[in-house]
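J.: If it helps, the file is called work30.csv and holds CSV, C-alpha atoms:
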chain,number,residue,atom,x,y,z
A,1,MET,CA,33.2,-68.0,67.2
A,2,SER,CA,31.7,-65.4,64.9
A,3,ARG,CA,28.5,-63.5,65.4
A,4,TYR,CA,27.0,-65.4,62.5
A,5,ARG,CA,27.6,-68.7,64.3
A,6,ILE,CA,26.0,-67.4,67.5
A,7,LEU,CA,23.0,-66.2,65.7
A,8,SER,CA,22.8,-69.3,63.6
A,9,ASP,CA,22.9,-71.5,66.7
A,10,THR,CA,20.3,-69.3,68.4
A,11,GLN,CA,18.0,-69.5,65.5
A,12,ARG,CA,18.4,-73.2,65.3
A,13,TYR,CA,17.6,-73.5,69.0
A,14,ALA,CA,14.7,-71.1,68.5
A,15,GLN,CA,13.0,-73.7,66.3
A,16,HIS,CA,12.8,-76.0,69.4
A,17,SER,CA,12.3,-73.4,72.1
A,18,PRO,CA,10.3,-70.2,71.6
A,19,THR,CA,11.8,-68.5,74.6
A,20,SER,CA,15.2,-68.4,73.1
A,21,LYS,CA,14.1,-65.8,70.5
A,22,GLY,CA,14.6,-63.2,73.2
A,23,PHE,CA,18.3,-63.9,73.2
A,24,VAL,CA,18.7,-62.4,69.7
A,25,HIS,CA,16.7,-59.4,70.8
A,26,VAL,CA,18.9,-58.9,73.9
A,27,ILE,CA,22.0,-59.0,71.8
A,28,SER,CA,20.5,-56.4,69.4
A,29,THR,CA,19.4,-54.2,72.3
A,30,GLY,CA,22.9,-54.5,73.9
A,31,VAL,CA,24.5,-53.4,70.7
A,32,LEU,CA,22.2,-50.5,70.3
A,33,LEU,CA,22.7,-49.4,74.0
A,34,LEU,CA,26.4,-49.6,73.7
A,35,THR,CA,26.4,-47.8,70.3
A,36,PHE,CA,24.2,-45.0,71.4
A,37,GLY,CA,26.1,-44.8,74.7
A,38,LEU,CA,29.3,-44.2,72.8
A,39,LEU,CA,27.7,-41.7,70.5
A,40,THR,CA,26.2,-39.8,73.4
A,41,ALA,CA,29.5,-39.8,75.2
A,42,GLY,CA,31.0,-38.4,72.0
A,43,VAL,CA,28.7,-35.4,72.1
A,44,VAL,CA,29.3,-34.8,75.8
A,45,GLY,CA,33.0,-35.4,75.4
A,46,SER,CA,33.3,-32.9,72.5
A,47,LEU,CA,32.3,-30.2,75.0
A,48,VAL,CA,35.0,-31.1,77.5
A,49,PRO,CA,38.6,-30.4,76.5
A,50,VAL,CA,40.9,-33.4,76.4
A,51,VAL,CA,38.0,-35.9,76.2
A,52,PRO,CA,38.1,-37.4,72.7
A,53,GLY,CA,34.5,-36.8,71.8
A,54,ALA,CA,34.9,-37.4,68.1
A,55,ALA,CA,36.9,-40.5,68.6
A,56,LEU,CA,34.1,-41.9,70.9
A,57,SER,CA,31.6,-41.2,68.2
A,58,LEU,CA,33.7,-42.9,65.6
A,59,VAL,CA,34.2,-45.9,67.8
A,60,GLY,CA,30.4,-46.1,68.4
A,61,VAL,CA,29.7,-46.1,64.6
A,62,LEU,CA,32.4,-48.6,63.8
A,63,PHE,CA,31.4,-50.9,66.7
A,64,HIS,CA,27.8,-51.0,65.5
A,65,TRP,CA,28.9,-51.6,61.9
A,66,TRP,CA,31.1,-54.5,63.1
A,67,ALA,CA,28.5,-55.9,65.5
A,68,THR,CA,25.9,-56.0,62.7
A,69,GLY,CA,28.1,-57.9,60.4
A,70,TYR,CA,29.1,-54.8,58.4
A,71,ALA,CA,25.4,-54.3,57.4
A,72,THR,CA,24.4,-51.1,59.3
A,73,PRO,CA,25.1,-48.4,58.5
A,74,GLY,CA,25.4,-48.7,54.7
A,75,THR,CA,28.5,-47.8,52.9
A,76,LEU,CA,27.5,-44.2,52.0
A,77,ALA,CA,26.3,-43.5,55.6
A,78,LEU,CA,29.4,-45.1,57.1
A,79,VAL,CA,31.7,-42.9,54.9
A,80,ALA,CA,29.7,-39.8,55.9
A,81,PHE,CA,29.9,-40.6,59.6
A,82,VAL,CA,33.6,-41.4,59.5
A,83,GLY,CA,34.2,-38.2,57.6
A,84,LEU,CA,32.3,-36.1,60.1
A,85,ALA,CA,34.2,-37.7,62.9
A,86,LEU,CA,37.6,-37.1,61.3
A,87,VAL,CA,36.7,-33.5,60.7
A,88,ALA,CA,35.7,-33.1,64.3
A,89,MET,CA,39.0,-34.7,65.4
A,90,LEU,CA,40.9,-32.2,63.2
A,91,VAL,CA,38.9,-29.3,64.7
A,92,ASP,CA,39.8,-30.6,68.2
A,93,LEU,CA,43.5,-30.9,67.4
A,94,PHE,CA,44.0,-27.6,65.6
A,95,GLY,CA,41.1,-25.3,66.6
A,96,GLY,CA,43.0,-23.4,69.2
A,97,ALA,CA,46.1,-23.0,67.1
A,98,ALA,CA,44.0,-21.9,64.1
A,99,ALA,CA,42.3,-19.3,66.3
A,100,ALA,CA,45.7,-18.1,67.5
A,101,SER,CA,46.8,-17.7,63.9
A,102,GLN,CA,43.6,-15.7,63.1
A,103,GLY,CA,44.3,-13.5,66.1
A,104,GLY,CA,47.6,-12.4,64.6
A,105,ALA,CA,49.9,-14.8,66.3
A,106,SER,CA,53.1,-15.8,64.4
A,107,LYS,CA,53.8,-19.3,63.2
A,108,LEU,CA,56.2,-19.7,66.0
A,109,THR,CA,53.5,-18.9,68.5
A,110,VAL,CA,51.0,-21.3,66.8
A,111,GLY,CA,53.6,-24.1,67.0
A,112,ALA,CA,54.3,-23.3,70.6
A,113,ALA,CA,50.5,-23.4,71.3
A,114,ILE,CA,50.2,-26.8,69.7
A,115,ILE,CA,53.1,-28.2,71.7
A,116,VAL,CA,51.9,-26.7,75.0
A,117,SER,CA,48.3,-27.9,74.4
A,118,LEU,CA,49.4,-31.5,73.8
A,119,ALA,CA,51.7,-31.4,76.9
A,120,LEU,CA,49.0,-29.7,79.1
A,121,ALA,CA,46.3,-32.1,77.9
A,122,VAL,CA,48.4,-35.0,79.3
A,123,PHE,CA,49.6,-33.4,82.5
A,124,THR,CA,47.0,-30.9,83.6
A,125,GLY,CA,43.8,-31.8,81.9
A,126,PRO,CA,41.1,-29.4,80.5
A,127,LEU,CA,41.8,-26.5,82.8
A,128,GLY,CA,45.4,-26.5,82.0
A,129,VAL,CA,44.7,-26.4,78.3
A,130,LEU,CA,42.1,-23.6,78.7
A,131,VAL,CA,44.4,-21.5,80.7
A,132,GLY,CA,47.8,-22.6,79.5
A,133,VAL,CA,47.4,-22.2,75.7
A,134,PRO,CA,46.2,-18.6,75.8
A,135,ALA,CA,48.9,-17.8,78.4
A,136,THR,CA,51.5,-19.3,76.0
A,137,VAL,CA,50.2,-17.3,73.1
A,138,PHE,CA,50.3,-14.1,75.2
A,139,VAL,CA,53.8,-14.7,76.5
A,140,VAL,CA,55.3,-15.8,73.2
A,141,GLU,CA,53.7,-12.9,71.3
A,142,LEU,CA,54.8,-10.4,74.0
A,143,TYR,CA,58.4,-11.7,73.9
A,144,ARG,CA,58.4,-11.8,70.1
A,145,ASN,CA,57.2,-8.3,69.4
A,146,GLY,CA,56.9,-6.5,72.7
A,147,ASP,CA,53.3,-5.2,72.0
A,148,SER,CA,51.1,-6.2,75.0
A,149,GLU,CA,47.9,-5.1,73.2
A,150,GLN,CA,48.6,-7.4,70.2
A,151,ALA,CA,49.6,-10.3,72.5
A,152,ARG,CA,46.4,-9.8,74.6
A,153,ARG,CA,44.3,-9.8,71.4
A,154,ALA,CA,45.9,-13.0,70.1
A,155,ALA,CA,45.4,-14.7,73.5
A,156,VAL,CA,41.7,-13.6,73.7
A,157,VAL,CA,41.1,-14.8,70.1
A,158,THR,CA,42.8,-18.1,71.0
A,159,THR,CA,40.5,-18.5,74.0
A,160,VAL,CA,37.4,-17.8,71.9
A,161,GLY,CA,38.7,-20.2,69.3
A,162,ILE,CA,39.1,-23.0,71.9
A,163,PHE,CA,35.4,-22.5,72.9
A,164,ALA,CA,34.3,-22.2,69.3
A,165,SER,CA,36.1,-25.5,68.4
A,166,ALA,CA,34.2,-27.2,71.2
A,167,VAL,CA,30.9,-25.9,69.8
A,168,VAL,CA,31.9,-27.1,66.3
A,169,GLN,CA,32.8,-30.5,67.6
A,170,ALA,CA,29.5,-30.7,69.5
A,171,LEU,CA,27.6,-29.9,66.4
A,172,LEU,CA,29.5,-32.5,64.3
A,173,THR,CA,29.1,-35.2,66.9
A,174,THR,CA,25.5,-34.4,67.4
A,175,THR,CA,25.0,-34.7,63.6
A,176,ILE,CA,26.6,-38.1,63.8
A,177,LEU,CA,24.3,-39.1,66.7
A,178,LEU,CA,21.1,-37.9,65.0
A,179,GLY,CA,22.1,-39.2,61.6
A,180,PHE,CA,22.9,-42.6,63.0
A,181,ALA,CA,19.5,-42.7,64.8
A,182,VAL,CA,17.8,-41.9,61.5
A,183,VAL,CA,19.8,-44.6,59.6
A,184,VAL,CA,19.2,-47.3,62.3
A,185,PHE,CA,15.6,-46.6,63.1
A,186,LEU,CA,14.1,-45.4,59.9
The structure in this file should be written as structure tokens.

T.:
Amino acid sequence: MSRYRILSDTQRYAQHSPTSKGFVHVISTGVLLLTFGLLTAGVVGSLVPVVPGAALSLVGVLFHWWATGYATPGTLALVAFVGLALVAMLVDLFGGAAAASQGGASKLTVGAAIIVSLALAVFTGPLGVLVGVPATVFVVELYRNGDSEQARRAAVVTTVGIFASAVVQALLTTTILLGFAVVVFL
């Protein structure tokens, strides 16, 4: 049974019973609570490695869009929110590797960092990613060129990049949350 049918039945019943109007309000409140819960979890999750903050924000936006019969947010706002969420996901996936590259790491090291971050995310969680990726960058760079100073610099830049990518994700998911609040309430 679609949402339109439920609302239609509720509205028909409301003609005969004034107390049933609260049912429509409860559904709307529940949708808003779940939506903003997902959007808030997205912001918090963007600060915690391995928690898919941007994906939670995207799910929140798409859930609200679906639950309102594809009415809210409008097309332009929806495209903007989805775009921001996708950019945040890319930052999450490749932020540490991009930082390693900026720190002077080779393409081999960057590839190893990506593989290790995915494996550690599954098996060790956030702490494993935070420690394991810079350690991988250090070890591979040290093995590759024998220069411990260059390997240390690449590992430090990678660590800073991991934290910076979390900040960028938090800013993007916060933008989604605040923008969505403006679209829904104003």

J.: Restricting the calculation to only C-alpha atoms, which member of A:Ser46, A:Thr40, A:Gln169, A:Thr35 is positioned closest to A:Trp65?

T.: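 Of all the options, A:Thr35 lies closest to A:Trp65.
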
J.: Rank A:Gly146, A:Gly179, A:Gly96, A:Gly83 by their smallest atom-to-atom distance to A:Ser165, using all atoms listed in the file, and report the top residue only.

T.: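 Among A:Gly146, A:Gly179, A:Gly96, A:Gly83, it is A:Gly96 that comes nearest to A:Ser165.
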
J.: Between A:Val133, A:Ile162, A:Ala151, A:Ile176, which is the closest to A:Ala54 once you count all atoms listed in the file?

T.: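 Once distances to A:Ala54 are computed over all atoms listed in the file, the minimum belongs to A:Ile176.
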
J.: What's the separation between atom CA of A:Val168 and atom CA of A:Ala85, in Å to one decimal place?

T.: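 Distance reported for this atom pair: 11.4 Å.
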
J.: Just want the 12 Å neighbourhood of A:Phe138, counted on all atoms listed in the file, with same-chain residues fewer than 4 positions away dropped. Output as number ranges by chain.

T.: A: 100, 103-106, 109-110, 112-113, 131-134, 142-159

J.: Restricting the calculation to all atoms listed in the file: of A:Ala135, A:Val48, A:Val160, A:Leu127, which residue gets closest to A:Ala98?

T.: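 Once distances to A:Ala98 are computed over all atoms listed in the file, the minimum belongs to A:Val160.
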
J.: Report, in Å to a single decimal, how far apart atom CA of A:Leu120 and atom CA of A:Leu84 are.

T.: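 Interatomic distance, atom CA of A:Leu84 to atom CA of A:Leu120: 26.1 Å.
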
J.: Given the choices A:Leu178, A:Val137, A:Ala80, A:Leu32, which gets closest to A:Thr68 if the distance is worked out from only C-alpha atoms?

T.: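 Closest residue, counting only C-alpha atoms: A:Leu32.
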
J.: What separation in Å, quoted to one decimal, exists between atom CA of A:Gly60 and atom CA of A:Leu38?

T.: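 Value for the atom CA of A:Gly60-atom CA of A:Leu38 distance: 4.9 Å.
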
J.: With distances taken over only C-alpha atoms, which residue among A:Val140, A:Pro126, A:Val61, A:Phe36 lies nearest A:Ala166?

T.: A:Pro126

J.: Kindly write stretch 49-63 of chain A with C-alpha atoms to a file, as a compact mmCIF listing (two decimals), in the first residue's frame.

T.:
# COMPACT_ATOMS: atom_id res chain seq x y z
CA PRO A 49 37.09 6.65 10.40
CA VAL A 50 35.28 3.67 8.87
CA VAL A 51 31.80 5.02 9.70
CA PRO A 52 30.18 5.97 6.38
CA GLY A 53 29.09 9.48 7.37
CA ALA A 54 28.46 10.72 3.85
CA ALA A 55 26.47 7.60 3.01
CA LEU A 56 24.28 8.12 6.10
CA SER A 57 23.64 11.70 4.99
CA LEU A 58 22.77 10.52 1.50
CA VAL A 59 20.39 7.89 2.88
CA GLY A 60 18.73 10.55 5.05
CA VAL A 61 18.14 12.86 2.09
CA LEU A 62 16.90 10.08 -0.19
CA PHE A 63 14.67 8.63 2.54
